[in-house]
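Below is the file work.csv, which contains CSV, C-alpha atoms.
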```csv
chain,number,residue,atom,x,y,z
Q,16,MET,CA,0.0,0.0,0.0
Q,17,GLU,CA,2.7,2.4,1.0
Q,18,ARG,CA,4.8,1.4,-2.0
Q,19,ARG,CA,2.0,2.0,-4.3
Q,20,ARG,CA,1.4,5.4,-2.7
Q,21,ASN,CA,5.0,6.3,-3.1
Q,22,ILE,CA,4.9,5.3,-6.8
Q,23,LEU,CA,1.9,7.6,-7.2
Q,24,THR,CA,3.8,10.4,-5.5
Q,25,ALA,CA,6.8,10.0,-7.8
Q,26,ALA,CA,4.5,9.9,-10.8
Q,27,LEU,CA,2.8,13.1,-9.7
Q,28,MET,CA,6.1,14.8,-9.2
Q,29,GLY,CA,7.3,13.6,-12.6
Q,30,ALA,CA,4.2,14.8,-14.3
Q,31,ALA,CA,4.6,18.1,-12.6
Q,32,VAL,CA,8.1,18.5,-13.8
Q,33,LEU,CA,7.0,17.6,-17.4
Q,34,LEU,CA,4.2,20.2,-17.1
Q,35,ILE,CA,6.6,22.9,-15.9
Q,36,ALA,CA,9.1,22.0,-18.7
Q,37,ALA,CA,6.3,22.2,-21.3
Q,38,GLY,CA,5.2,25.5,-20.0
Q,39,LEU,CA,8.8,26.9,-20.0
Q,40,VAL,CA,9.3,25.8,-23.6
Q,41,MET,CA,6.1,27.6,-24.6
Q,42,GLY,CA,7.2,30.7,-22.7
Q,43,GLN,CA,4.3,30.6,-20.3
Q,44,ASN,CA,6.5,31.9,-17.5
Q,45,ALA,CA,6.7,35.1,-19.4
Q,46,GLN,CA,2.9,35.3,-19.2
Q,47,VAL,CA,3.1,34.8,-15.4
Q,48,LEU,CA,5.8,37.5,-15.2
Q,49,ALA,CA,3.9,40.0,-17.3
Q,50,LYS,CA,0.8,39.7,-15.1
Q,51,ALA,CA,2.7,39.6,-11.8
Q,52,THR,CA,4.8,42.7,-12.5
Q,53,ARG,CA,1.8,45.0,-13.1
Q,54,ILE,CA,-0.5,46.0,-10.3
Q,55,CYS,CA,-3.5,43.7,-10.6
Q,56,LEU,CA,-6.4,46.2,-10.5
Q,57,GLU,CA,-8.9,43.4,-10.2
Q,58,CYS,CA,-7.0,41.9,-7.2
Q,59,ILE,CA,-6.8,45.1,-5.2
Q,60,GLY,CA,-10.4,46.0,-5.8
Q,61,ILE,CA,-10.2,48.6,-8.5
Q,62,GLY,CA,-10.8,46.8,-11.8
E,19,MET,CA,8.0,20.0,16.2
E,20,ASP,CA,6.8,22.4,18.8
E,21,ASN,CA,4.6,25.4,18.0
E,22,LYS,CA,7.3,28.0,18.5
E,23,LYS,CA,9.5,26.5,15.8
E,24,ARG,CA,6.6,26.3,13.4
E,25,THR,CA,5.7,29.9,14.1
E,26,LEU,CA,9.3,30.9,13.3
E,27,ILE,CA,9.1,29.0,10.1
E,28,GLN,CA,5.8,30.6,9.2
E,29,ALA,CA,7.2,34.0,9.9
E,30,ALA,CA,10.3,33.4,7.9
E,31,ALA,CA,8.3,32.1,5.0
E,32,ALA,CA,5.9,35.1,5.1
E,33,PHE,CA,8.9,37.4,5.2
E,34,LEU,CA,10.8,35.7,2.4
E,35,GLN,CA,7.8,35.8,0.1
E,36,ASN,CA,7.3,39.5,0.8
E,37,ALA,CA,10.9,40.7,1.3
E,38,HIS,CA,10.6,43.6,-1.1
E,39,VAL,CA,10.4,45.9,1.9
E,40,THR,CA,10.9,49.2,0.0
E,41,GLY,CA,7.6,48.5,-1.8
E,42,PHE,CA,5.6,49.1,1.5
E,43,PHE,CA,7.0,52.7,1.6
E,44,THR,CA,7.1,53.6,-2.1
E,45,GLY,CA,3.8,51.8,-3.2
E,46,LYS,CA,5.7,50.2,-6.1
E,47,ILE,CA,5.6,46.4,-6.5
E,48,TYR,CA,8.6,44.2,-7.3
E,49,THR,CA,9.1,43.7,-11.0
E,50,GLY,CA,12.1,41.4,-11.0
E,51,ALA,CA,12.8,37.9,-12.2
E,52,GLY,CA,11.4,36.3,-9.1
E,53,LYS,CA,7.9,36.9,-10.4
E,54,ASN,CA,8.5,34.3,-13.1
E,55,VAL,CA,7.9,31.8,-10.3
E,56,CYS,CA,4.7,31.1,-8.3
E,57,VAL,CA,5.1,30.9,-4.5
E,58,PRO,CA,3.4,27.9,-2.9
E,59,GLY,CA,0.9,29.8,-0.7
E,60,LEU,CA,-1.8,32.4,-1.1
E,61,ASN,CA,0.2,35.7,-1.6
E,62,CYS,CA,-1.2,38.3,-3.9
E,63,TYR,CA,1.4,39.4,-6.5
E,64,SER,CA,0.2,43.0,-6.0
E,65,CYS,CA,1.3,43.0,-2.4
E,66,PRO,CA,4.0,45.7,-2.4
E,67,GLY,CA,6.4,43.2,-0.8
E,68,ALA,CA,5.7,40.2,-2.9
E,69,LEU,CA,8.7,38.6,-4.6
E,70,GLY,CA,6.8,35.9,-6.4
E,71,ALA,CA,3.6,35.3,-8.3
E,72,CYS,CA,0.4,34.1,-6.8
E,73,PRO,CA,-0.5,30.6,-8.1
E,74,VAL,CA,-4.2,31.2,-8.0
E,75,GLY,CA,-4.0,34.5,-9.7
E,76,SER,CA,-1.6,33.2,-12.3
E,77,LEU,CA,-3.9,30.2,-13.0
E,78,GLN,CA,-6.9,32.5,-13.6
E,79,ASN,CA,-4.8,34.8,-15.7
E,80,ALA,CA,-3.8,31.9,-17.9
E,81,LEU,CA,-7.3,30.5,-18.1
E,82,SER,CA,-8.9,33.8,-19.0
E,83,ALA,CA,-6.4,34.8,-21.7
E,84,TRP,CA,-7.8,35.8,-25.0
E,85,LYS,CA,-6.4,32.8,-26.7
E,86,PHE,CA,-6.8,29.8,-24.4
E,87,ARG,CA,-3.8,27.7,-23.9
E,88,PHE,CA,-3.5,24.9,-21.3
E,89,PRO,CA,-1.7,26.4,-18.3
E,90,TYR,CA,1.1,23.8,-18.2
E,91,TYR,CA,3.6,26.0,-16.3
E,92,VAL,CA,1.3,27.3,-13.5
E,93,LEU,CA,-0.5,24.0,-13.1
E,94,GLY,CA,2.8,22.1,-13.1
E,95,LEU,CA,4.1,24.3,-10.2
E,96,MET,CA,0.9,23.8,-8.2
E,97,VAL,CA,1.0,20.0,-8.8
E,98,PHE,CA,4.6,19.9,-7.8
E,99,PHE,CA,3.9,21.8,-4.5
E,100,GLY,CA,0.9,19.5,-3.8
E,101,ALA,CA,2.8,16.3,-4.7
E,102,VAL,CA,5.7,17.2,-2.4
E,103,PHE,CA,4.0,18.9,0.5
E,104,GLY,CA,0.2,18.4,0.3
E,105,ARG,CA,-1.4,20.9,2.7
E,106,LEU,CA,1.9,21.3,4.6
E,107,VAL,CA,2.1,24.4,2.5
E,108,CYS,CA,-0.9,25.7,4.4
E,109,GLY,CA,0.5,24.7,7.8
E,110,PHE,CA,4.0,26.2,7.3
E,111,LEU,CA,4.4,28.3,4.2
E,112,CYS,CA,1.2,30.3,3.5
E,113,PRO,CA,1.4,33.9,4.7
E,114,PHE,CA,-2.4,34.4,4.8
E,115,GLY,CA,-2.8,31.2,6.9
E,116,PHE,CA,-0.1,32.6,9.3
E,117,LEU,CA,-2.0,35.8,9.6
E,118,GLN,CA,-5.2,34.0,10.6
E,119,GLU,CA,-3.3,32.0,13.2
E,120,LEU,CA,-1.9,35.2,14.7
E,121,LEU,CA,-5.4,36.6,14.9
E,122,PHE,CA,-6.6,33.4,16.6
E,123,ARG,CA,-4.2,34.0,19.4
E,124,ILE,CA,-6.1,37.2,20.3
E,125,PRO,CA,-8.1,36.3,23.5
E,126,SER,CA,-11.8,36.0,23.0
E,127,PRO,CA,-14.7,34.8,25.2
E,128,ARG,CA,-15.2,31.9,22.9
E,129,LYS,CA,-13.1,29.8,20.6
E,130,LEU,CA,-15.0,27.5,18.3
E,131,ARG,CA,-13.3,24.3,17.2
E,132,THR,CA,-16.3,23.1,15.3
E,133,PHE,CA,-20.0,24.0,15.1
E,134,ARG,CA,-23.1,22.7,13.4
E,135,GLY,CA,-22.6,23.1,9.6
E,136,ASP,CA,-18.9,23.2,9.9
E,137,ALA,CA,-18.4,19.9,8.0
E,138,SER,CA,-20.7,21.0,5.1
E,139,LEU,CA,-19.1,24.4,4.9
E,140,ARG,CA,-15.7,22.7,4.2
E,141,TYR,CA,-16.9,21.8,0.8
E,142,VAL,CA,-17.5,25.4,-0.2
E,143,LYS,CA,-13.8,25.9,-1.0
E,144,TYR,CA,-14.0,23.2,-3.7
E,145,ALA,CA,-16.9,25.1,-5.3
E,146,VAL,CA,-14.8,28.3,-5.1
E,147,LEU,CA,-11.9,26.5,-6.8
E,148,ILE,CA,-14.1,24.9,-9.6
E,149,ILE,CA,-16.4,27.8,-10.3
E,150,MET,CA,-14.5,31.0,-9.5
E,151,VAL,CA,-11.0,29.9,-10.3
E,152,ILE,CA,-11.5,27.6,-13.2
E,153,ILE,CA,-14.9,27.9,-15.0
E,154,LEU,CA,-15.7,31.6,-14.8
E,155,PRO,CA,-12.3,32.9,-15.9
E,156,MET,CA,-12.5,30.5,-18.9
E,157,ALA,CA,-16.0,31.7,-19.7
E,158,HIS,CA,-15.2,35.4,-19.3
E,159,LYS,CA,-12.0,36.7,-20.8
E,160,PHE,CA,-9.6,38.8,-18.8
E,161,THR,CA,-11.6,38.4,-15.6
E,162,PRO,CA,-9.9,36.6,-12.7
E,163,PHE,CA,-13.2,36.1,-10.8
E,164,TYR,CA,-11.8,34.8,-7.5
E,165,CYS,CA,-9.2,37.6,-7.3
E,166,LYS,CA,-11.7,40.2,-8.3
E,167,TYR,CA,-14.7,39.3,-6.1
E,168,LEU,CA,-13.4,37.2,-3.2
E,169,CYS,CA,-9.7,37.1,-2.4
E,170,PRO,CA,-9.0,38.9,0.9
E,171,SER,CA,-5.2,38.7,0.3
E,172,GLY,CA,-5.7,41.0,-2.7
E,173,THR,CA,-7.7,43.4,-0.6
E,174,LEU,CA,-5.0,43.5,2.0
E,175,SER,CA,-2.5,44.2,-0.8
E,176,GLY,CA,-4.7,47.0,-2.1
E,177,MET,CA,-4.8,48.6,1.4
E,178,LEU,CA,-1.0,48.3,1.8
E,179,LEU,CA,-0.5,49.9,-1.7
E,180,SER,CA,-2.9,52.7,-1.0
E,181,ALA,CA,-1.3,53.4,2.3
E,182,ALA,CA,1.9,54.1,0.4
E,183,ASP,CA,0.3,55.7,-2.7
E,184,SER,CA,-2.7,57.9,-1.9
E,185,ARG,CA,-3.6,58.2,-5.6
E,186,LEU,CA,-5.0,54.7,-5.5
E,187,ARG,CA,-7.6,55.5,-2.8
E,188,GLY,CA,-9.6,57.7,-5.2
E,189,LEU,CA,-10.0,54.7,-7.5
E,190,PHE,CA,-11.6,52.3,-5.1
E,191,GLY,CA,-15.3,51.7,-5.7
E,192,TRP,CA,-18.0,49.2,-4.7
E,193,ILE,CA,-15.8,46.1,-5.5
E,194,PHE,CA,-13.2,47.3,-3.0
E,195,THR,CA,-16.0,47.9,-0.4
E,196,TRP,CA,-17.3,44.4,-1.0
E,197,LYS,CA,-13.9,42.8,-0.7
E,198,ALA,CA,-13.1,44.9,2.4
E,199,LEU,CA,-16.2,43.4,4.0
E,200,VAL,CA,-15.0,40.0,3.1
E,201,LEU,CA,-11.6,40.7,4.6
E,202,THR,CA,-13.2,42.1,7.7
E,203,ALA,CA,-15.3,39.0,8.1
E,204,VAL,CA,-12.2,36.8,7.7
E,205,VAL,CA,-10.3,38.9,10.2
E,206,LEU,CA,-13.1,38.9,12.8
E,207,SER,CA,-14.0,35.3,12.4
E,208,SER,CA,-10.3,34.3,12.7
E,209,ILE,CA,-10.3,35.5,16.2
E,210,VAL,CA,-13.0,33.0,17.1
E,211,ILE,CA,-12.5,30.2,14.6
E,212,PHE,CA,-9.1,28.7,13.7
E,213,ARG,CA,-8.3,29.6,10.1
E,214,PRO,CA,-11.8,30.1,8.8
E,215,PHE,CA,-10.6,31.1,5.3
E,216,CYS,CA,-8.5,28.0,5.0
E,217,LYS,CA,-11.3,25.8,6.1
E,218,TYR,CA,-14.2,27.2,4.1
E,219,LEU,CA,-13.0,29.5,1.2
E,220,CYS,CA,-9.4,29.0,0.1
E,221,PRO,CA,-9.2,27.5,-3.4
E,222,LEU,CA,-5.5,26.8,-3.0
E,223,GLY,CA,-6.1,24.8,0.2
E,224,ALA,CA,-8.8,22.9,-1.7
E,225,PHE,CA,-6.4,22.1,-4.5
E,226,TYR,CA,-3.6,20.9,-2.2
E,227,SER,CA,-6.0,18.9,-0.1
E,228,LEU,CA,-6.4,16.6,-3.1
E,229,PHE,CA,-2.8,15.6,-2.7
E,230,ASN,CA,-2.7,15.0,1.1
E,231,ARG,CA,-3.0,11.2,0.8
E,232,ALA,CA,-0.4,11.0,-2.0
E,233,SER,CA,2.2,13.6,-1.2
E,234,ALA,CA,5.8,12.9,-0.4
E,235,VAL,CA,5.4,14.4,3.1
E,236,ARG,CA,2.7,12.5,5.0
E,237,LEU,CA,1.7,11.7,8.6
E,238,ALA,CA,1.9,8.1,9.7
E,239,VAL,CA,0.3,6.3,12.7
E,240,ASP,CA,2.1,3.4,14.4
E,241,SER,CA,-0.9,1.2,15.2
E,242,GLY,CA,1.3,-0.8,17.6
E,243,LYS,CA,1.8,2.3,19.8
E,244,CYS,CA,-1.6,4.0,19.3
E,245,THR,CA,-3.9,3.3,22.2
E,246,GLY,CA,-6.9,5.4,20.8
E,247,CYS,CA,-6.6,7.8,23.7
E,248,GLY,CA,-7.8,10.7,21.5
E,249,ALA,CA,-5.2,13.2,22.6
E,250,CYS,CA,-4.3,14.0,18.9
E,251,ALA,CA,-7.9,14.6,18.0
E,252,ARG,CA,-8.5,16.9,21.0
E,253,VAL,CA,-5.5,19.1,20.1
E,254,CYS,CA,-6.2,19.3,16.3
E,255,ASP,CA,-7.4,22.8,15.4
E,256,MET,CA,-8.8,21.6,12.1
E,257,ALA,CA,-11.1,19.1,13.9
E,258,VAL,CA,-9.4,16.1,12.3
E,259,ASN,CA,-8.9,12.8,14.1
E,260,PRO,CA,-5.2,12.1,13.1
E,261,ALA,CA,-5.2,8.6,14.5
E,262,ALA,CA,-8.2,7.5,12.5
E,263,SER,CA,-7.4,9.5,9.4
E,264,PRO,CA,-3.7,10.7,9.4
E,265,ASN,CA,-3.7,12.3,5.9
E,266,HIS,CA,-7.2,13.7,6.0
E,267,SER,CA,-7.8,16.4,3.3
E,268,GLU,CA,-8.4,18.9,6.1
E,269,CYS,CA,-5.1,18.3,7.8
E,270,ILE,CA,-2.7,21.2,7.4
E,271,ARG,CA,0.2,19.2,8.8
E,272,CYS,CA,0.9,21.6,11.6
E,273,GLY,CA,2.4,18.8,13.7
E,274,LYS,CA,0.5,19.5,16.9
E,275,CYS,CA,-0.8,16.0,17.1
E,276,VAL,CA,2.7,14.6,16.6
E,277,SER,CA,4.0,16.7,19.5
E,278,ARG,CA,1.0,15.9,21.7
E,279,CYS,CA,0.8,12.1,21.3
E,280,PRO,CA,1.8,10.6,24.6
E,281,HIS,CA,2.8,7.3,23.0
E,282,GLY,CA,4.9,8.6,20.1
E,283,ALA,CA,2.5,6.9,17.7
E,284,LEU,CA,2.4,9.7,15.2
E,285,CYS,CA,5.2,11.0,13.0
E,286,PHE,CA,5.9,12.8,9.8
E,287,THR,CA,7.3,10.7,6.9
E,288,VAL,CA,8.9,11.5,3.6
E,289,PHE,CA,8.3,8.7,1.1
E,290,SER,CA,7.2,6.6,4.0
E,291,ARG,CA,10.5,7.1,5.9
E,292,PRO,CA,10.0,8.7,9.4
E,293,VAL,CA,11.6,12.0,9.9
E,294,GLY,CA,12.6,13.7,13.2
E,295,VAL,CA,13.2,12.1,16.5
E,296,ARG,CA,10.2,12.6,18.8
E,297,VAL,CA,10.1,12.5,22.6
E,298,PRO,CA,6.5,12.4,23.8
E,299,GLU,CA,5.5,15.3,25.8
E,300,VAL,CA,4.5,14.9,29.4
E,301,ILE,CA,0.9,16.0,29.5
E,302,SER,CA,-0.2,17.7,32.6
E,303,PRO,CA,-3.9,17.9,33.4
E,304,LEU,CA,-3.7,21.6,32.9
E,305,ASP,CA,-2.8,21.1,29.3
E,306,GLU,CA,-5.9,19.1,28.5
E,307,ARG,CA,-8.3,21.5,26.7
E,308,PRO,CA,-12.0,21.4,27.8
E,309,GLU,CA,-14.4,20.5,25.1
E,310,ARG,CA,-15.8,23.8,23.7
E,311,ASP,CA,-17.5,22.4,20.6
E,312,ASN,CA,-20.7,24.1,19.8
E,313,LYS,CA,-22.8,21.5,18.1
```

Please lay out the structure from this file as structure tokens.
Amino acid sequence: MERRRNILTAALMGAAVLLIAAGLVMGQNAQVLAKATRICLECIGIG
Amino acid sequence: MDNKKRTLIQAAAAFLQNAHVTGFFTGKIYTGAGKNVCVPGLNCYSCPGALGACPVGSLQNALSAWKFRFPYYVLGLMVFFGAVFGRLVCGFLCPFGFLQELLFRIPSPRKLRTFRGDASLRYVKYAVLIIMVIILPMAHKFTPFYCKYLCPSGTLSGMLLSAADSRLRGLFGWIFTWKALVLTAVVLSSIVIFRPFCKYLCPLGAFYSLFNRASAVRLAVDSGKCTGCGACARVCDMAVNPAASPNHSECIRCGKCVSRCPHGALCFTVFSRPVGVRVPEVISPLDERPERDNK
């Protein structure tokens, strides 16, 4: 049971790394940066 | 781990995620490379001190983009944090959770551990995640619904920004008023209820809760040592019974149960390997909390 759970954990972590890598290749981190470096008017209650 | 050490870790995590101190005085947010990366907890990227991006805000931004593209990067980061830590992020790394815990320390005539309807209300955060964070941003372009209409962390950021830059105050309208009411409700209820936002409304806590049973960091119960005394359940502020359900979706992995267990039956594990050496506390009768549940 624990072994199966650990395999699932490792699979999730592996999938996460692949997702992050795919996002980096597509330049999605730049999209995150672009949003995060401007004051989010919706977030602070203006927009 | 005793509570003082955890408090120090929480304070350090809150500071490290908001270490752009000059922003609190100038009203200018950090625009450096750190904001390429999402922090694990709920921390608005418009907080003047924020050094990283908010995962929930970034996810909504990706989903509500004009041309939809699957958010591989943000989702990958969230899955990674969940797969490694589960809701340990809530218990140790989230600044907004830490704020609620500090508020809970304010003395009040009543502290509610649970109440009628508490169990049902815990499902609301999943609805917030699915509807406000995922469906509505996808349906309405450029509108991060959760950030815009609910997130109290963003409201707090707005207040901090406007304290440093008075020009912003003139721009606040009914949305700010509504969100300020939400923030006020969270602050006031945090004095009476332990982490109400985490329990009932946080979409990030809802997301990480899905990983609690499968994360690398988990709680384990030694059934040979556990006597079923219930000490762990009595000390749990999230109203979980760790002995019966050690990786419950509501467990924020604060470790209070591990410290309190008089038999050393509970411990943290990483990939099923126990971590930390635990000496059971000697419990004095004065430490036993009276039942204050309001059912």

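From CA of Ile47 (chain E) back to CA of Asp183 (chain E), the distance works out to 11.4 Å.
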
Task: Distance filter 6 Å, all atoms listed in the file, chain E against chain Q, as a PyMOL selection string - done: chain E and resi 49+53-54+63-64+71+76+90-91+94+97-98+101+165-166+172-173+176+190+193-194+232-233+289

With C-alpha atoms kept, could you save the residues just selected as a PDB file, in the frame of the given file?
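Output file again38.pdb is given in full below:
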```
ATOM      1  CA  THR E  49       9.100  43.700 -11.000  1.00  0.00           C
ATOM      2  CA  LYS E  53       7.900  36.900 -10.400  1.00  0.00           C
ATOM      3  CA  ASN E  54       8.500  34.300 -13.100  1.00  0.00           C
ATOM      4  CA  TYR E  63       1.400  39.400  -6.500  1.00  0.00           C
ATOM      5  CA  SER E  64       0.200  43.000  -6.000  1.00  0.00           C
ATOM      6  CA  ALA E  71       3.600  35.300  -8.300  1.00  0.00           C
ATOM      7  CA  SER E  76      -1.600  33.200 -12.300  1.00  0.00           C
ATOM      8  CA  TYR E  90       1.100  23.800 -18.200  1.00  0.00           C
ATOM      9  CA  TYR E  91       3.600  26.000 -16.300  1.00  0.00           C
ATOM     10  CA  GLY E  94       2.800  22.100 -13.100  1.00  0.00           C
ATOM     11  CA  VAL E  97       1.000  20.000  -8.800  1.00  0.00           C
ATOM     12  CA  PHE E  98       4.600  19.900  -7.800  1.00  0.00           C
ATOM     13  CA  ALA E 101       2.800  16.300  -4.700  1.00  0.00           C
ATOM     14  CA  CYS E 165      -9.200  37.600  -7.300  1.00  0.00           C
ATOM     15  CA  LYS E 166     -11.700  40.200  -8.300  1.00  0.00           C
ATOM     16  CA  GLY E 172      -5.700  41.000  -2.700  1.00  0.00           C
ATOM     17  CA  THR E 173      -7.700  43.400  -0.600  1.00  0.00           C
ATOM     18  CA  GLY E 176      -4.700  47.000  -2.100  1.00  0.00           C
ATOM     19  CA  PHE E 190     -11.600  52.300  -5.100  1.00  0.00           C
ATOM     20  CA  ILE E 193     -15.800  46.100  -5.500  1.00  0.00           C
ATOM     21  CA  PHE E 194     -13.200  47.300  -3.000  1.00  0.00           C
ATOM     22  CA  ALA E 232      -0.400  11.000  -2.000  1.00  0.00           C
ATOM     23  CA  SER E 233       2.200  13.600  -1.200  1.00  0.00           C
ATOM     24  CA  PHE E 289       8.300   8.700   1.100  1.00  0.00           C
TER      25      PHE E 289
END
```

TODO: For Gln78 (chain E), work out the shell of residues within 10 Å, counting all atoms listed in the file and skipping chain neighbours fewer than 6 positions away, then give it as a VMD selection string.
DONE: chain E and resid 89 92 150 to 156 159 to 165

Open item on the list: For a test of reading the model, state the distance in Å between CA of Leu34 (chain E) and CA of Asn21 (chain E), rounded to one decimal.
Closed with: 19.7 Å

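Shortest separation to Ser138 (chain E) among E:Glu119, E:Lys217, E:Ser82, E:Lys197 occurs at residue E:Lys217, atoms counted being all atoms listed in the file.
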